[in-house]
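Presented below is the structure to which this report refers.
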Amino acid sequence: MSESSILAIDFGTTNSYFCKCPADQISPVGVDFGSGRDGIPTAILYRRDKDPLVGNPALHEYGESLNEQRTSYRLCTQFKPDVTTSEDAAKNAEDFPRTVVEQSQKQPIVLDPARQEVIVGVPAEAEEAFRTRLRQIAKAAGYGDVKLLDEPKGALLSHLWH
């Protein structure tokens, strides 16, 4: 078993999931970002002169805003598939996990990828260009040198643990 705790991430196109596993345990625990369930919408809301928001707070603020407010907003979703072909998508993909950590620090959620071993799930059929780009994005977002694990293997491990 690793001496450091593990942060496992399923970075999804629509929703992303974060699980933590302390070094002294063998079963991961999903992170609830305040919605009462694991997972967070893979969405980032850029707001002029304000910090960005991610997940449900981003969707809620955008959905509840007036049209005049929306002129200073940019809501980004569904960017994961385009990280190898679009610099904007790669930037959104970098800002999303960074903002997840920043936003979690304002709540009683402890996410500290700099002090955890980070594992990111990737589709089994993902090409090397996507895997390389995902590693670059994670490092730039403050997650260090992440390990990639094919999603079917991650699902099997989760099933075996539970």
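Just so we're on the same page: first chain in the structure tokens is A, next is B, and so on; residues restart at 1 for each chain, and ligands are numbered from 1 in the order they show up.
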
Please report, as JSON lines, each residue of stretch 14-41 of chain A lying at most 10 Å from stretch 77-97 of chain A, together with the nearest pair of atoms and the separation in Å rounded to one decimal; use only C-alpha atoms, and order rows by chain and ascending residue number.
```
{"residue": "A:Thr14", "atom": "CA", "partner": "A:Gln78", "partner_atom": "CA", "distance": 6.2}
{"residue": "A:Asn15", "atom": "CA", "partner": "A:Gln78", "partner_atom": "CA", "distance": 9.3}
{"residue": "A:Ser16", "atom": "CA", "partner": "A:Pro97", "partner_atom": "CA", "distance": 9.6}
{"residue": "A:Pro41", "atom": "CA", "partner": "A:Thr77", "partner_atom": "CA", "distance": 8.6}
```

Sel. of helix (DSSP H, G or I) residues, stretch 31-127 of chain A, as a PyMOL selection string: chain A and resi 55-64+67-70+80-82+87-104+113-115

Need to verify the contact set: A:Tyr62, 9 Å, only C-alpha atoms, exclusion of same-chain residues closer than 3 positions in sequence. Can you return it as a list in words?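 What passes the distance filter is Leu45, Pro57, Ala58, Leu59, Ser65, Leu66, Gln69, Arg70, Tyr73, Arg74 and Leu75 of chain A.
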
Expected file contents, prior selection, N, CA and C atoms, as a PDB file, in the first residue's frame:
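The result, stored in out14.pdb:
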```pdb
ATOM      1  N   LEU A  45     -17.702  28.143 -15.075  1.00  0.00           N
ATOM      2  CA  LEU A  45     -18.279  29.438 -15.424  1.00  0.00           C
ATOM      3  C   LEU A  45     -17.238  30.514 -15.172  1.00  0.00           C
ATOM      4  N   PRO A  57     -22.620  25.035  -8.601  1.00  0.00           N
ATOM      5  CA  PRO A  57     -22.653  26.498  -8.426  1.00  0.00           C
ATOM      6  C   PRO A  57     -22.516  27.246  -9.754  1.00  0.00           C
ATOM      7  N   ALA A  58     -21.700  26.733 -10.668  1.00  0.00           N
ATOM      8  CA  ALA A  58     -21.550  27.373 -11.973  1.00  0.00           C
ATOM      9  C   ALA A  58     -22.854  27.304 -12.770  1.00  0.00           C
ATOM     10  N   LEU A  59     -23.451  26.122 -12.812  1.00  0.00           N
ATOM     11  CA  LEU A  59     -24.699  25.958 -13.560  1.00  0.00           C
ATOM     12  C   LEU A  59     -25.825  26.779 -12.947  1.00  0.00           C
ATOM     13  N   SER A  65     -28.975  33.819 -13.648  1.00  0.00           N
ATOM     14  CA  SER A  65     -28.533  35.179 -13.967  1.00  0.00           C
ATOM     15  C   SER A  65     -29.447  35.831 -14.999  1.00  0.00           C
ATOM     16  N   LEU A  66     -29.445  37.143 -14.981  1.00  0.00           N
ATOM     17  CA  LEU A  66     -30.190  37.914 -15.968  1.00  0.00           C
ATOM     18  C   LEU A  66     -29.378  37.977 -17.257  1.00  0.00           C
ATOM     19  N   GLN A  69     -26.355  40.120 -17.088  1.00  0.00           N
ATOM     20  CA  GLN A  69     -25.227  39.521 -16.377  1.00  0.00           C
ATOM     21  C   GLN A  69     -24.491  38.532 -17.271  1.00  0.00           C
ATOM     22  N   ARG A  70     -25.225  37.808 -18.053  1.00  0.00           N
ATOM     23  CA  ARG A  70     -24.617  36.776 -18.905  1.00  0.00           C
ATOM     24  C   ARG A  70     -23.655  37.344 -19.939  1.00  0.00           C
ATOM     25  N   TYR A  73     -20.373  36.621 -18.656  1.00  0.00           N
ATOM     26  CA  TYR A  73     -20.155  35.220 -18.288  1.00  0.00           C
ATOM     27  C   TYR A  73     -19.780  34.399 -19.514  1.00  0.00           C
ATOM     28  N   ARG A  74     -19.051  33.328 -19.255  1.00  0.00           N
ATOM     29  CA  ARG A  74     -18.797  32.326 -20.299  1.00  0.00           C
ATOM     30  C   ARG A  74     -18.881  30.964 -19.626  1.00  0.00           C
ATOM     31  N   LEU A  75     -19.922  30.211 -19.942  1.00  0.00           N
ATOM     32  CA  LEU A  75     -20.131  28.877 -19.378  1.00  0.00           C
ATOM     33  C   LEU A  75     -19.549  27.852 -20.343  1.00  0.00           C
TER      34      LEU A  75
END
```

Mind pulling up the distance from atom CA of A:Pro22 to atom CA of A:Ser4?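 Pair atom CA of A:Ser4 / atom CA of A:Pro22 returns 7.3 Å.
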
So which residues touch A:Ile9 within 9 Å, counting only C-alpha atoms, skipping near sequence neighbours fewer than 3 positions away, as a list of chain:residue names?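 The residues satisfying every condition are A:Gly12, A:Ser16, A:Tyr17, A:Phe18, A:Cys19, A:Lys20, A:Val118, A:Ile119, A:Val120, A:Gly121.
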
For the residues in the current selection, export N, CA and C atoms as a PDB file, in the first residue's frame.
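part_25.pdb written:
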```pdb
ATOM      1  N   GLY A  12     -14.888  13.314 -16.354  1.00  0.00           N
ATOM      2  CA  GLY A  12     -15.859  12.964 -17.371  1.00  0.00           C
ATOM      3  C   GLY A  12     -16.259  14.127 -18.251  1.00  0.00           C
ATOM      4  N   SER A  16     -17.837  14.706 -13.372  1.00  0.00           N
ATOM      5  CA  SER A  16     -16.551  14.209 -12.898  1.00  0.00           C
ATOM      6  C   SER A  16     -16.719  13.726 -11.461  1.00  0.00           C
ATOM      7  N   TYR A  17     -15.923  12.734 -11.102  1.00  0.00           N
ATOM      8  CA  TYR A  17     -16.017  12.131  -9.779  1.00  0.00           C
ATOM      9  C   TYR A  17     -14.635  12.132  -9.136  1.00  0.00           C
ATOM     10  N   PHE A  18     -14.596  12.488  -7.871  1.00  0.00           N
ATOM     11  CA  PHE A  18     -13.369  12.524  -7.094  1.00  0.00           C
ATOM     12  C   PHE A  18     -13.551  11.581  -5.919  1.00  0.00           C
ATOM     13  N   CYS A  19     -12.582  10.722  -5.675  1.00  0.00           N
ATOM     14  CA  CYS A  19     -12.593   9.805  -4.530  1.00  0.00           C
ATOM     15  C   CYS A  19     -11.279   9.954  -3.782  1.00  0.00           C
ATOM     16  N   LYS A  20     -11.360   9.868  -2.474  1.00  0.00           N
ATOM     17  CA  LYS A  20     -10.165   9.927  -1.645  1.00  0.00           C
ATOM     18  C   LYS A  20     -10.013   8.599  -0.921  1.00  0.00           C
ATOM     19  N   VAL A 118      -2.113  11.022  -7.170  1.00  0.00           N
ATOM     20  CA  VAL A 118      -3.308  11.281  -7.965  1.00  0.00           C
ATOM     21  C   VAL A 118      -3.379  10.283  -9.116  1.00  0.00           C
ATOM     22  N   ILE A 119      -4.546   9.653  -9.224  1.00  0.00           N
ATOM     23  CA  ILE A 119      -4.823   8.702 -10.296  1.00  0.00           C
ATOM     24  C   ILE A 119      -6.020   9.238 -11.079  1.00  0.00           C
ATOM     25  N   VAL A 120      -5.890   9.291 -12.395  1.00  0.00           N
ATOM     26  CA  VAL A 120      -6.959   9.792 -13.246  1.00  0.00           C
ATOM     27  C   VAL A 120      -7.393   8.669 -14.180  1.00  0.00           C
ATOM     28  N   GLY A 121      -8.677   8.428 -14.228  1.00  0.00           N
ATOM     29  CA  GLY A 121      -9.226   7.432 -15.135  1.00  0.00           C
ATOM     30  C   GLY A 121      -9.293   7.981 -16.549  1.00  0.00           C
TER      31      GLY A 121
END
```

Considering only strand (DSSP E) as DSSP defines it on the backbone, what residues of chain A qualify? List them as a PyMOL selection string. chain A and resi 6-10+15-21+29-30+40-41+43-47+50-54+73-77+117-122+147-150

Show me a table, sorted first by chain and then by increasing residue number, of the residues of stretch 27-77 of chain A having an atom at most 12 Å from stretch 102-115 of chain A, each with its shortest atom pair and the distance in Å to one decimal, counting only C-alpha atoms and written as a Markdown table.
```
| residue | atom | partner | partner_atom | distance |
| --- | --- | --- | --- | --- |
| A:Gly30 | CA | A:Ile109 | CA | 11.3 |
| A:Val31 | CA | A:Ile109 | CA | 7.9 |
| A:Asp32 | CA | A:Ile109 | CA | 8.3 |
| A:Phe33 | CA | A:Ser104 | CA | 7.3 |
| A:Gly34 | CA | A:Gln107 | CA | 8.8 |
| A:Ile40 | CA | A:Ser104 | CA | 11.5 |
| A:Ile44 | CA | A:Gln103 | CA | 11.5 |
| A:Asp51 | CA | A:Gln103 | CA | 9.6 |
| A:Pro52 | CA | A:Gln103 | CA | 9.1 |
| A:Leu53 | CA | A:Gln103 | CA | 7.5 |
| A:Val54 | CA | A:Gln103 | CA | 7.8 |
| A:Gly55 | CA | A:Gln103 | CA | 9.8 |
| A:Asn56 | CA | A:Gln103 | CA | 11.5 |
| A:Pro57 | CA | A:Gln103 | CA | 9.8 |
| A:Ala58 | CA | A:Gln103 | CA | 11.0 |
```

If you measure from atom CA of A:Gln116 to atom CA of A:Ile6, what distance in Å do you get, rounded to one decimal? 5.3 Å

Go ahead and compute the interatomic distance for atom CA of A:Ile137 and atom CA of A:Ser5, in Å to one decimal.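 We find that atom CA of A:Ile137 and atom CA of A:Ser5 lie 21.3 Å from each other.
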